[in-house]
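Some notes on the structure that comes next.
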Protein chains: 2
Amino acid sequence: MNKSPAQDSGTPRTRIQRAKNEVILEAALTVFAREGFRGATLDRIAAEAGLSKPNLLYYFPSKDAIYEALLQGLLTTWLDPLRALDPQGDPVEEILAYVRRKLEMARDYPRESRLFAGEILRGAPLIRPVLETELRRMVDDSAALIARWQGEGRLAEVDPRHLLFSIWAQTQHYADFATQVQSVLGQDDFDGAAAHLDRVFRRLLTP
Amino acid sequence: MNKSPAQDSGTPRTRIQRAKNEVILEAALTVFAREGFRGATLDRIAAEAGLSKPNLLYYFPSKDAIYEALLQGLLTTWLDPLRALDPQGDPVEEILAYVRRKLEMARDYPRESRLFAGEILRGAPLIRPVLETELRRMVDDSAALIARWQGEGRLAEVDPRHLLFSIWAQTQHYADFATQVQSVLGQDDFDGAAAHLDRVFRRLLTP
DNA sequence: CGGTTATTTGACCAAGCGGTCAAAACAAGG
DNA sequence: CCTTGTTTTGACCGCTTGGTCAAATAACCG
């Protein structure tokens with residue numbers, strides 16, 4: 001009997017299975033980010049992972065399952081920096097550090113950023129529930145913290161939620177629209193972006 | 001002999017053909033923006049336009065042709081507001097007006113914004129040439145104007161090109177990531193966004 | 001080694017897709 | 001009415017794609 005591990009509930013058992021899972025998700029991230037969900041094919045993912053298509057489907061039951069696993073695993077990492085806002089720290093510096101971290105993620109993990117962007121562009125068919133609960137809660141919490149800081153006069157008055165949108169938009173822009181940035185500048189310019197965003201948010205947030 | 005008008009060079013001749021062309025591009029915009037290029041199918045576009053698939057292909061020779069026609073027609077409209085920067089006007093107010101116009105476009109033409117975003121996300125396979133020439137030139141010109149204003153001390157010193165990125169990122173965010181914004185806020189908030197961006201850029205740009 | 005289980009693969013399938021074609025329906029002019 | 005050109009459509013084709021399956025191969029274990 002040859003039951004595929006994909007049908008087992010929970011985490012893969014053997015070390016080999018975990019390793020292959022890893023390889024597959026890596027490959028899938030590359031392909032999904034470049035081609036989008038509909039544009040990606042199992043053959044391309046399999047090729048990228050160095051496997052045959054049936055072998056791919058031995059580890060994951062379907063294309064959707066791979067995509068879901070990717071997004072699921074991604075979300076935690078992706079939203080993590082926001083959790084690192086330290087209520088004890090200096091407000092302006094805390095937010096500037098957050099901006100810097102987000103920009104570094106755009107530079108170092110552009111595939112993740114693009115996968116995320118693609119999912120949301122298409123109406124977030126899969127992760128909308130997460131956005132409406134987990135993300136929303138996190139934003140509410142952060143907004144409360146920011147509002148507190150503002151109440152104490154340590155931060156300029158800006159709508160906290162739209163402030164977060166401003167940060168996300170500008171940092172992710174350098175990953176999601178990298179093609180455009182390169183076309184206009186002739187190359188990437190993350191250092192320039194870092195300096196720019198630092199100036200922008202320092203100026204905006206200093207009381 | 002029944003030669004399709006799609007093979008005629010230049011603009012469609014009769015009024016009927018122009019009308020159908022219009023209808024088709026409208027439908028295609030809706031479908032492409034929602035599903036992406038790969039996700040969109042000729043059947044869905046045809047259905048959206050109230051036509052049969054072969055009838056669609058009587059007016060356009062291929063799916064690619066429809067997509068290209070859409071993008072082509074779009075680019076002019078899309079980049080137009082940048083041309084409206086008036087060298088004679090007040091620098092801060094000129095740029096704020098530009099921001100406002102861009103945000104209005106995000107509100108009123110989200111499909112166009114998403115189509116554009118999708119194209120760039122996938123590496124701009126089709127419009128990269130345009131980005132590298134036309135867009136780049138326009139950005140260079142605008143950057144020169146902004147730099148002049150800064151030289152005259154009428155605008156705070158910010159990298160002009162990254163400033164434009166900041167504007168694009170934040171305004172288009174409200175169209176491209178509308179799903180996320182809605183999930184977090186519970187609804188759209190273009191008025192809030194307008195007030196926020198006005199504050200952001202006024203604060204940033206006032207010398 | 002042999003037996004048992006986990007992994008890999010070639011061949012295949014059904015559905016969906018972009019696109020074609022010949023014929024039908026329609027419109028306009030005489 | 002007929003003729004001529006335009007528009008519309010049902011049927012069809014070949015290719016790609018997600019997914020299956022039975023058999024082959026490798027890995028593990030006593």
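Residues in the structure tokens are numbered from 1 in each chain, the chains being A, B, ... in the order shown, and ligands are numbered from 1 in the order shown.
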
Exercise for review: Taking only C-alpha atoms (C1' of nucleotides) into account, report as a ChimeraX atom specification which residues of chain D lie within 8 Å of chain B.
Suggested key: /D:5-6,8-9

Can you spit out the residues from that selection as a PDB file, in the first residue's frame, using N, CA, C and O atoms (P, O5', C5', C4', C3', O3' and C1' of nucleotides)?
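Writing done, so here's result06.pdb:
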ATOM      1  P    DG D   5     -19.216  42.160 -52.348  1.00  0.00           P
ATOM      2  O5'  DG D   5     -19.181  42.655 -50.831  1.00  0.00           O
ATOM      3  C5'  DG D   5     -19.593  43.988 -50.512  1.00  0.00           C
ATOM      4  C4'  DG D   5     -19.979  44.043 -49.057  1.00  0.00           C
ATOM      5  C3'  DG D   5     -18.889  43.546 -48.097  1.00  0.00           C
ATOM      6  O3'  DG D   5     -18.729  44.497 -47.058  1.00  0.00           O
ATOM      7  C1'  DG D   5     -20.934  42.439 -47.652  1.00  0.00           C
ATOM      8  P    DT D   6     -17.598  44.304 -45.979  1.00  0.00           P
ATOM      9  O5'  DT D   6     -18.445  44.057 -44.659  1.00  0.00           O
ATOM     10  C5'  DT D   6     -19.475  44.983 -44.313  1.00  0.00           C
ATOM     11  C4'  DT D   6     -20.280  44.423 -43.163  1.00  0.00           C
ATOM     12  C3'  DT D   6     -19.447  44.038 -41.920  1.00  0.00           C
ATOM     13  O3'  DT D   6     -20.031  44.704 -40.807  1.00  0.00           O
ATOM     14  C1'  DT D   6     -20.944  42.290 -42.516  1.00  0.00           C
ATOM     15  P    DT D   8     -22.179  41.354 -34.186  1.00  0.00           P
ATOM     16  O5'  DT D   8     -22.523  39.806 -34.207  1.00  0.00           O
ATOM     17  C5'  DT D   8     -23.834  39.402 -34.571  1.00  0.00           C
ATOM     18  C4'  DT D   8     -23.918  37.893 -34.573  1.00  0.00           C
ATOM     19  C3'  DT D   8     -23.309  37.206 -33.350  1.00  0.00           C
ATOM     20  O3'  DT D   8     -24.355  36.542 -32.652  1.00  0.00           O
ATOM     21  C1'  DT D   8     -22.705  36.094 -35.373  1.00  0.00           C
ATOM     22  P    DT D   9     -24.070  35.782 -31.285  1.00  0.00           P
ATOM     23  O5'  DT D   9     -23.871  34.298 -31.800  1.00  0.00           O
ATOM     24  C5'  DT D   9     -24.868  33.711 -32.633  1.00  0.00           C
ATOM     25  C4'  DT D   9     -24.429  32.347 -33.115  1.00  0.00           C
ATOM     26  C3'  DT D   9     -23.811  31.457 -32.034  1.00  0.00           C
ATOM     27  O3'  DT D   9     -24.532  30.257 -31.970  1.00  0.00           O
ATOM     28  C1'  DT D   9     -22.508  31.422 -34.008  1.00  0.00           C
TER      29       DT D   9
END

Check your understanding: Which residues, written as an MDAnalysis selection string, have at least one atom at most 10 Å from DT25 of chain D, with only C-alpha atoms (C1' of nucleotides) counted and residues fewer than 3 positions away on the same chain left out?
Key -> chainID C and resid 7:9

Output, as a PDB file with C-alpha atoms, in the first residue's frame, the coordinates of chain B following least-squares superposition onto chain A across all in-order C-alpha pairs.
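That gives us part15.pdb:
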ATOM      1  CA  MET B   1      -0.241  -0.007   0.177  1.00  0.00           C
ATOM      2  CA  ASN B   2       1.374   3.289  -0.679  1.00  0.00           C
ATOM      3  CA  LYS B   3      -0.265   6.068   1.195  1.00  0.00           C
ATOM      4  CA  SER B   4       1.117   9.483   0.410  1.00  0.00           C
ATOM      5  CA  PRO B   5       2.384  11.569   3.285  1.00  0.00           C
ATOM      6  CA  ALA B   6       0.335  14.413   1.912  1.00  0.00           C
ATOM      7  CA  GLN B   7      -2.731  12.756   3.340  1.00  0.00           C
ATOM      8  CA  ASP B   8      -1.262  12.453   6.799  1.00  0.00           C
ATOM      9  CA  SER B   9      -2.549  15.051   9.139  1.00  0.00           C
ATOM     10  CA  GLY B  10      -0.082  17.352  10.796  1.00  0.00           C
ATOM     11  CA  THR B  11       3.588  17.884  10.117  1.00  0.00           C
ATOM     12  CA  PRO B  12       5.588  15.482   7.965  1.00  0.00           C
ATOM     13  CA  ARG B  13       7.188  12.705   9.953  1.00  0.00           C
ATOM     14  CA  THR B  14      10.598  11.811   8.643  1.00  0.00           C
ATOM     15  CA  ARG B  15      13.518  14.152   8.136  1.00  0.00           C
ATOM     16  CA  ILE B  16      13.483  13.402   4.411  1.00  0.00           C
ATOM     17  CA  GLN B  17       9.871  14.415   4.072  1.00  0.00           C
ATOM     18  CA  ARG B  18      10.425  17.649   5.897  1.00  0.00           C
ATOM     19  CA  ALA B  19      13.381  18.412   3.662  1.00  0.00           C
ATOM     20  CA  LYS B  20      11.406  17.768   0.477  1.00  0.00           C
ATOM     21  CA  ASN B  21       8.543  19.828   1.787  1.00  0.00           C
ATOM     22  CA  GLU B  22      10.976  22.654   2.274  1.00  0.00           C
ATOM     23  CA  VAL B  23      12.401  22.309  -1.235  1.00  0.00           C
ATOM     24  CA  ILE B  24       8.948  22.255  -2.761  1.00  0.00           C
ATOM     25  CA  LEU B  25       7.745  25.332  -0.903  1.00  0.00           C
ATOM     26  CA  GLU B  26      10.914  27.158  -1.892  1.00  0.00           C
ATOM     27  CA  ALA B  27      10.375  26.334  -5.543  1.00  0.00           C
ATOM     28  CA  ALA B  28       6.689  27.133  -5.331  1.00  0.00           C
ATOM     29  CA  LEU B  29       7.426  30.513  -3.789  1.00  0.00           C
ATOM     30  CA  THR B  30       9.708  31.370  -6.663  1.00  0.00           C
ATOM     31  CA  VAL B  31       7.222  30.304  -9.306  1.00  0.00           C
ATOM     32  CA  PHE B  32       4.070  31.666  -7.671  1.00  0.00           C
ATOM     33  CA  ALA B  33       5.734  35.015  -7.018  1.00  0.00           C
ATOM     34  CA  ARG B  34       6.922  35.313 -10.592  1.00  0.00           C
ATOM     35  CA  GLU B  35       3.881  33.968 -12.426  1.00  0.00           C
ATOM     36  CA  GLY B  36       0.996  34.450 -10.029  1.00  0.00           C
ATOM     37  CA  PHE B  37      -1.281  31.660  -8.878  1.00  0.00           C
ATOM     38  CA  ARG B  38      -2.985  31.088 -12.197  1.00  0.00           C
ATOM     39  CA  GLY B  39       0.193  31.539 -14.187  1.00  0.00           C
ATOM     40  CA  ALA B  40       2.136  29.014 -12.144  1.00  0.00           C
ATOM     41  CA  THR B  41       1.949  25.387 -13.249  1.00  0.00           C
ATOM     42  CA  LEU B  42       2.715  22.223 -11.355  1.00  0.00           C
ATOM     43  CA  ASP B  43       5.212  21.296 -14.034  1.00  0.00           C
ATOM     44  CA  ARG B  44       7.195  24.492 -13.521  1.00  0.00           C
ATOM     45  CA  ILE B  45       7.151  24.151  -9.768  1.00  0.00           C
ATOM     46  CA  ALA B  46       8.227  20.535 -10.040  1.00  0.00           C
ATOM     47  CA  ALA B  47      11.015  21.442 -12.442  1.00  0.00           C
ATOM     48  CA  GLU B  48      12.168  24.250 -10.158  1.00  0.00           C
ATOM     49  CA  ALA B  49      12.211  21.800  -7.266  1.00  0.00           C
ATOM     50  CA  GLY B  50      13.992  19.120  -9.286  1.00  0.00           C
ATOM     51  CA  LEU B  51      11.110  16.692  -9.077  1.00  0.00           C
ATOM     52  CA  SER B  52       8.613  15.073 -11.383  1.00  0.00           C
ATOM     53  CA  LYS B  53       5.056  16.308 -11.209  1.00  0.00           C
ATOM     54  CA  PRO B  54       3.629  13.109  -9.722  1.00  0.00           C
ATOM     55  CA  ASN B  55       6.390  13.162  -7.164  1.00  0.00           C
ATOM     56  CA  LEU B  56       5.380  16.705  -6.252  1.00  0.00           C
ATOM     57  CA  LEU B  57       1.844  15.511  -5.764  1.00  0.00           C
ATOM     58  CA  TYR B  58       3.110  12.748  -3.544  1.00  0.00           C
ATOM     59  CA  TYR B  59       4.058  15.392  -1.013  1.00  0.00           C
ATOM     60  CA  PHE B  60       1.233  17.843  -1.540  1.00  0.00           C
ATOM     61  CA  PRO B  61      -2.266  16.802  -2.503  1.00  0.00           C
ATOM     62  CA  SER B  62      -2.927  19.696  -4.885  1.00  0.00           C
ATOM     63  CA  LYS B  63      -1.764  22.984  -6.293  1.00  0.00           C
ATOM     64  CA  ASP B  64      -4.087  24.824  -3.954  1.00  0.00           C
ATOM     65  CA  ALA B  65      -2.620  22.990  -0.995  1.00  0.00           C
ATOM     66  CA  ILE B  66       0.876  24.169  -1.896  1.00  0.00           C
ATOM     67  CA  TYR B  67      -0.323  27.737  -2.272  1.00  0.00           C
ATOM     68  CA  GLU B  68      -2.203  27.617   0.993  1.00  0.00           C
ATOM     69  CA  ALA B  69       0.738  26.141   2.844  1.00  0.00           C
ATOM     70  CA  LEU B  70       2.939  28.907   1.460  1.00  0.00           C
ATOM     71  CA  LEU B  71       0.598  31.707   2.472  1.00  0.00           C
ATOM     72  CA  GLN B  72      -0.060  30.185   5.846  1.00  0.00           C
ATOM     73  CA  GLY B  73       3.624  29.901   6.642  1.00  0.00           C
ATOM     74  CA  LEU B  74       4.247  33.350   5.253  1.00  0.00           C
ATOM     75  CA  LEU B  75       1.755  35.376   7.210  1.00  0.00           C
ATOM     76  CA  THR B  76       3.379  34.889  10.564  1.00  0.00           C
ATOM     77  CA  THR B  77       6.801  35.952   9.347  1.00  0.00           C
ATOM     78  CA  TRP B  78       5.340  38.746   7.351  1.00  0.00           C
ATOM     79  CA  LEU B  79       3.405  40.409  10.123  1.00  0.00           C
ATOM     80  CA  ASP B  80       6.034  39.771  12.752  1.00  0.00           C
ATOM     81  CA  PRO B  81       7.900  43.096  12.614  1.00  0.00           C
ATOM     82  CA  LEU B  82       4.756  44.920  13.681  1.00  0.00           C
ATOM     83  CA  ARG B  83       4.674  42.950  16.904  1.00  0.00           C
ATOM     84  CA  ALA B  84       8.156  44.222  17.686  1.00  0.00           C
ATOM     85  CA  LEU B  85       7.009  47.785  18.348  1.00  0.00           C
ATOM     86  CA  ASP B  86       8.260  48.394  21.870  1.00  0.00           C
ATOM     87  CA  PRO B  87       5.911  50.463  24.026  1.00  0.00           C
ATOM     88  CA  GLN B  88       8.862  51.327  26.238  1.00  0.00           C
ATOM     89  CA  GLY B  89      11.042  52.692  23.463  1.00  0.00           C
ATOM     90  CA  ASP B  90      11.194  56.132  21.925  1.00  0.00           C
ATOM     91  CA  PRO B  91       8.130  56.488  19.704  1.00  0.00           C
ATOM     92  CA  VAL B  92       9.752  58.092  16.683  1.00  0.00           C
ATOM     93  CA  GLU B  93      12.713  55.749  16.777  1.00  0.00           C
ATOM     94  CA  GLU B  94      10.496  52.711  17.240  1.00  0.00           C
ATOM     95  CA  ILE B  95       8.501  53.498  14.159  1.00  0.00           C
ATOM     96  CA  LEU B  96      11.567  54.392  12.147  1.00  0.00           C
ATOM     97  CA  ALA B  97      13.062  51.051  13.121  1.00  0.00           C
ATOM     98  CA  TYR B  98       9.869  49.380  11.942  1.00  0.00           C
ATOM     99  CA  VAL B  99      10.095  51.164   8.628  1.00  0.00           C
ATOM    100  CA  ARG B 100      13.692  50.069   8.265  1.00  0.00           C
ATOM    101  CA  ARG B 101      12.827  46.479   9.041  1.00  0.00           C
ATOM    102  CA  LYS B 102      10.003  46.471   6.527  1.00  0.00           C
ATOM    103  CA  LEU B 103      12.243  47.910   3.831  1.00  0.00           C
ATOM    104  CA  GLU B 104      14.863  45.279   4.571  1.00  0.00           C
ATOM    105  CA  MET B 105      12.214  42.629   4.133  1.00  0.00           C
ATOM    106  CA  ALA B 106      11.263  44.129   0.803  1.00  0.00           C
ATOM    107  CA  ARG B 107      14.905  43.923  -0.211  1.00  0.00           C
ATOM    108  CA  ASP B 108      15.630  40.459   1.149  1.00  0.00           C
ATOM    109  CA  TYR B 109      12.310  38.750   0.569  1.00  0.00           C
ATOM    110  CA  PRO B 110      10.802  40.224  -2.570  1.00  0.00           C
ATOM    111  CA  ARG B 111       9.172  36.935  -3.529  1.00  0.00           C
ATOM    112  CA  GLU B 112       7.210  36.877  -0.316  1.00  0.00           C
ATOM    113  CA  SER B 113       6.130  40.468  -0.842  1.00  0.00           C
ATOM    114  CA  ARG B 114       4.999  39.779  -4.393  1.00  0.00           C
ATOM    115  CA  LEU B 115       3.145  36.633  -3.473  1.00  0.00           C
ATOM    116  CA  PHE B 116       1.294  38.582  -0.846  1.00  0.00           C
ATOM    117  CA  ALA B 117       0.604  41.453  -3.208  1.00  0.00           C
ATOM    118  CA  GLY B 118      -0.734  39.094  -5.839  1.00  0.00           C
ATOM    119  CA  GLU B 119      -3.068  37.452  -3.383  1.00  0.00           C
ATOM    120  CA  ILE B 120      -4.469  40.774  -2.241  1.00  0.00           C
ATOM    121  CA  LEU B 121      -4.709  42.176  -5.754  1.00  0.00           C
ATOM    122  CA  ARG B 122      -7.020  39.292  -6.638  1.00  0.00           C
ATOM    123  CA  GLY B 123      -9.249  40.090  -3.689  1.00  0.00           C
ATOM    124  CA  ALA B 124      -7.479  37.900  -1.135  1.00  0.00           C
ATOM    125  CA  PRO B 125      -9.723  34.922  -1.842  1.00  0.00           C
ATOM    126  CA  LEU B 126      -7.724  32.796   0.542  1.00  0.00           C
ATOM    127  CA  ILE B 127      -6.439  34.989   3.313  1.00  0.00           C
ATOM    128  CA  ARG B 128      -9.225  37.464   3.738  1.00  0.00           C
ATOM    129  CA  PRO B 129     -10.381  35.720   6.913  1.00  0.00           C
ATOM    130  CA  VAL B 130      -6.932  36.151   8.389  1.00  0.00           C
ATOM    131  CA  LEU B 131      -6.844  39.799   7.388  1.00  0.00           C
ATOM    132  CA  GLU B 132     -10.184  40.463   9.001  1.00  0.00           C
ATOM    133  CA  THR B 133      -9.247  38.887  12.293  1.00  0.00           C
ATOM    134  CA  GLU B 134      -5.560  38.551  13.035  1.00  0.00           C
ATOM    135  CA  LEU B 135      -4.276  41.459  10.984  1.00  0.00           C
ATOM    136  CA  ARG B 136      -7.095  43.696  12.045  1.00  0.00           C
ATOM    137  CA  ARG B 137      -6.453  42.957  15.700  1.00  0.00           C
ATOM    138  CA  MET B 138      -2.772  43.648  15.300  1.00  0.00           C
ATOM    139  CA  VAL B 139      -3.478  46.922  13.565  1.00  0.00           C
ATOM    140  CA  ASP B 140      -5.927  47.888  16.269  1.00  0.00           C
ATOM    141  CA  ASP B 141      -3.346  47.183  18.934  1.00  0.00           C
ATOM    142  CA  SER B 142      -0.611  49.083  17.159  1.00  0.00           C
ATOM    143  CA  ALA B 143      -2.966  51.956  16.476  1.00  0.00           C
ATOM    144  CA  ALA B 144      -3.807  52.124  20.161  1.00  0.00           C
ATOM    145  CA  LEU B 145      -0.152  52.266  21.068  1.00  0.00           C
ATOM    146  CA  ILE B 146       0.502  54.988  18.515  1.00  0.00           C
ATOM    147  CA  ALA B 147      -2.496  56.951  19.739  1.00  0.00           C
ATOM    148  CA  ARG B 148      -1.188  56.670  23.293  1.00  0.00           C
ATOM    149  CA  TRP B 149       2.152  58.033  22.193  1.00  0.00           C
ATOM    150  CA  GLN B 150       0.396  60.870  20.444  1.00  0.00           C
ATOM    151  CA  GLY B 151      -1.690  61.564  23.518  1.00  0.00           C
ATOM    152  CA  GLU B 152       1.522  61.921  25.464  1.00  0.00           C
ATOM    153  CA  GLY B 153       2.749  64.415  22.913  1.00  0.00           C
ATOM    154  CA  ARG B 154       5.658  62.240  21.868  1.00  0.00           C
ATOM    155  CA  LEU B 155       4.490  61.722  18.294  1.00  0.00           C
ATOM    156  CA  ALA B 156       2.916  64.069  15.784  1.00  0.00           C
ATOM    157  CA  GLU B 157      -0.826  63.647  15.244  1.00  0.00           C
ATOM    158  CA  VAL B 158      -1.430  61.415  12.234  1.00  0.00           C
ATOM    159  CA  ASP B 159      -4.173  58.857  11.771  1.00  0.00           C
ATOM    160  CA  PRO B 160      -2.472  55.732  13.142  1.00  0.00           C
ATOM    161  CA  ARG B 161      -4.049  53.285  10.723  1.00  0.00           C
ATOM    162  CA  HIS B 162      -3.348  55.353   7.658  1.00  0.00           C
ATOM    163  CA  LEU B 163       0.157  55.801   8.983  1.00  0.00           C
ATOM    164  CA  LEU B 164       0.579  52.047   8.904  1.00  0.00           C
ATOM    165  CA  PHE B 165      -0.781  51.980   5.358  1.00  0.00           C
ATOM    166  CA  SER B 166       1.774  54.619   4.415  1.00  0.00           C
ATOM    167  CA  ILE B 167       4.551  52.479   5.797  1.00  0.00           C
ATOM    168  CA  TRP B 168       3.388  49.315   4.099  1.00  0.00           C
ATOM    169  CA  ALA B 169       2.745  51.003   0.806  1.00  0.00           C
ATOM    170  CA  GLN B 170       6.093  52.697   0.558  1.00  0.00           C
ATOM    171  CA  THR B 171       8.247  49.833   1.753  1.00  0.00           C
ATOM    172  CA  GLN B 172       6.523  47.079  -0.203  1.00  0.00           C
ATOM    173  CA  HIS B 173       6.538  49.295  -3.262  1.00  0.00           C
ATOM    174  CA  TYR B 174      10.255  48.679  -3.605  1.00  0.00           C
ATOM    175  CA  ALA B 175       9.639  44.942  -3.842  1.00  0.00           C
ATOM    176  CA  ASP B 176       6.348  44.761  -5.714  1.00  0.00           C
ATOM    177  CA  PHE B 177       7.134  47.497  -8.206  1.00  0.00           C
ATOM    178  CA  ALA B 178      10.857  46.784  -8.415  1.00  0.00           C
ATOM    179  CA  THR B 179      10.558  46.535 -12.180  1.00  0.00           C
ATOM    180  CA  GLN B 180       9.189  50.037 -12.396  1.00  0.00           C
ATOM    181  CA  VAL B 181      11.758  51.425  -9.979  1.00  0.00           C
ATOM    182  CA  GLN B 182      14.520  49.835 -11.997  1.00  0.00           C
ATOM    183  CA  SER B 183      13.122  51.144 -15.241  1.00  0.00           C
ATOM    184  CA  VAL B 184      13.043  54.667 -13.912  1.00  0.00           C
ATOM    185  CA  LEU B 185      16.299  54.706 -11.970  1.00  0.00           C
ATOM    186  CA  GLY B 186      18.211  52.286 -14.164  1.00  0.00           C
ATOM    187  CA  GLN B 187      18.801  50.112 -11.104  1.00  0.00           C
ATOM    188  CA  ASP B 188      17.596  49.256  -7.647  1.00  0.00           C
ATOM    189  CA  ASP B 189      18.258  51.821  -4.952  1.00  0.00           C
ATOM    190  CA  PHE B 190      17.426  50.408  -1.551  1.00  0.00           C
ATOM    191  CA  ASP B 191      20.000  52.607   0.130  1.00  0.00           C
ATOM    192  CA  GLY B 192      18.450  55.690  -1.381  1.00  0.00           C
ATOM    193  CA  ALA B 193      15.037  54.398  -0.412  1.00  0.00           C
ATOM    194  CA  ALA B 194      16.169  53.835   3.164  1.00  0.00           C
ATOM    195  CA  ALA B 195      17.510  57.374   3.458  1.00  0.00           C
ATOM    196  CA  HIS B 196      14.386  58.772   1.836  1.00  0.00           C
ATOM    197  CA  LEU B 197      11.918  56.898   4.021  1.00  0.00           C
ATOM    198  CA  ASP B 198      13.898  57.754   7.114  1.00  0.00           C
ATOM    199  CA  ARG B 199      13.613  61.425   6.228  1.00  0.00           C
ATOM    200  CA  VAL B 200       9.944  61.152   5.323  1.00  0.00           C
ATOM    201  CA  PHE B 201       8.838  59.496   8.525  1.00  0.00           C
ATOM    202  CA  ARG B 202      11.149  61.392  10.824  1.00  0.00           C
ATOM    203  CA  ARG B 203       9.792  64.616   9.464  1.00  0.00           C
ATOM    204  CA  LEU B 204       6.231  63.358   9.640  1.00  0.00           C
ATOM    205  CA  LEU B 205       6.346  61.935  13.121  1.00  0.00           C
ATOM    206  CA  THR B 206       8.534  64.308  15.100  1.00  0.00           C
ATOM    207  CA  PRO B 207       6.109  66.346  17.197  1.00  0.00           C
TER     208      PRO B 207
END

Practice item. Just the alpha helix (DSSP H) stuff from segment 43-178 of chain A, please, per backbone DSSP, written as a PyMOL selection string. Key: chain A and resi 43-49+53-59+63-83+91-108+110-121+128-130+136-151+160-176+178

Show which residues sit within 12 Å of DG29 of chain C, as a short mmCIF file (atom, residue, chain, number, x, y, z; two decimals) with all heavy atoms, in the first residue's frame. Count only C-alpha atoms (C1' of nucleotides), and ignore same-chain residues fewer than 6 positions away.
data_model
loop_
_atom_site.label_atom_id
_atom_site.label_comp_id
_atom_site.auth_asym_id
_atom_site.auth_seq_id
_atom_site.Cartn_x
_atom_site.Cartn_y
_atom_site.Cartn_z
P DC D 2 -35.69 35.58 -54.70
OP1 DC D 2 -35.82 34.41 -55.61
OP2 DC D 2 -35.57 35.40 -53.24
"O5'" DC D 2 -34.46 36.46 -55.20
"C5'" DC D 2 -34.34 36.81 -56.58
"C4'" DC D 2 -33.11 37.70 -56.74
"O4'" DC D 2 -33.27 38.87 -55.89
"C3'" DC D 2 -31.80 37.04 -56.32
"O3'" DC D 2 -30.82 37.30 -57.32
"C2'" DC D 2 -31.46 37.70 -54.98
"C1'" DC D 2 -32.07 39.10 -55.17
N1 DC D 2 -32.43 39.78 -53.89
C2 DC D 2 -31.86 41.02 -53.58
O2 DC D 2 -31.05 41.54 -54.37
N3 DC D 2 -32.19 41.63 -52.41
C4 DC D 2 -33.05 41.06 -51.57
N4 DC D 2 -33.36 41.69 -50.45
C5 DC D 2 -33.66 39.80 -51.87
C6 DC D 2 -33.32 39.20 -53.03
P DT D 3 -29.37 36.65 -57.18
OP1 DT D 3 -28.86 36.38 -58.54
OP2 DT D 3 -29.45 35.57 -56.18
"O5'" DT D 3 -28.53 37.84 -56.57
"C5'" DT D 3 -28.52 39.12 -57.25
"C4'" DT D 3 -27.48 40.01 -56.60
"O4'" DT D 3 -28.04 40.59 -55.37
"C3'" DT D 3 -26.19 39.30 -56.19
"O3'" DT D 3 -25.10 40.15 -56.52
"C2'" DT D 3 -26.36 39.09 -54.69
"C1'" DT D 3 -27.15 40.34 -54.30
N1 DT D 3 -27.99 40.22 -53.08
C2 DT D 3 -28.01 41.27 -52.20
O2 DT D 3 -27.38 42.29 -52.35
N3 DT D 3 -28.82 41.09 -51.11
C4 DT D 3 -29.60 39.97 -50.82
O4 DT D 3 -30.29 39.91 -49.81
C5 DT D 3 -29.52 38.91 -51.78
C7 DT D 3 -30.32 37.65 -51.56
C6 DT D 3 -28.72 39.08 -52.85
P DT D 4 -23.58 39.61 -56.50
OP1 DT D 4 -22.92 40.01 -57.77
OP2 DT D 4 -23.61 38.18 -56.07
"O5'" DT D 4 -22.93 40.47 -55.33
"C5'" DT D 4 -23.26 41.87 -55.19
"C4'" DT D 4 -22.86 42.32 -53.81
"O4'" DT D 4 -23.95 42.07 -52.87
"C3'" DT D 4 -21.63 41.60 -53.23
"O3'" DT D 4 -20.72 42.56 -52.75
"C2'" DT D 4 -22.20 40.72 -52.12
"C1'" DT D 4 -23.40 41.57 -51.67
N1 DT D 4 -24.45 40.82 -50.95
C2 DT D 4 -25.04 41.41 -49.85
O2 DT D 4 -24.75 42.51 -49.45
N3 DT D 4 -26.00 40.65 -49.26
C4 DT D 4 -26.42 39.37 -49.62
O4 DT D 4 -27.30 38.79 -48.99
C5 DT D 4 -25.75 38.81 -50.76
C7 DT D 4 -26.11 37.44 -51.24
C6 DT D 4 -24.80 39.55 -51.36
P DG D 5 -19.22 42.16 -52.35
OP1 DG D 5 -18.27 43.00 -53.11
OP2 DG D 5 -19.11 40.69 -52.35
"O5'" DG D 5 -19.18 42.66 -50.83
"C5'" DG D 5 -19.59 43.99 -50.51
"C4'" DG D 5 -19.98 44.04 -49.06
"O4'" DG D 5 -21.13 43.19 -48.83
"C3'" DG D 5 -18.89 43.55 -48.10
"O3'" DG D 5 -18.73 44.50 -47.06
"C2'" DG D 5 -19.43 42.23 -47.56
"C1'" DG D 5 -20.93 42.44 -47.65
N9 DG D 5 -21.70 41.20 -47.78
C8 DG D 5 -21.57 40.22 -48.74
N7 DG D 5 -22.42 39.24 -48.59
C5 DG D 5 -23.16 39.59 -47.46
C6 DG D 5 -24.22 38.92 -46.82
O6 DG D 5 -24.75 37.84 -47.12
N1 DG D 5 -24.69 39.63 -45.71
C2 DG D 5 -24.18 40.83 -45.28
N2 DG D 5 -24.74 41.36 -44.20
N3 DG D 5 -23.19 41.48 -45.88
C4 DG D 5 -22.72 40.81 -46.95
#
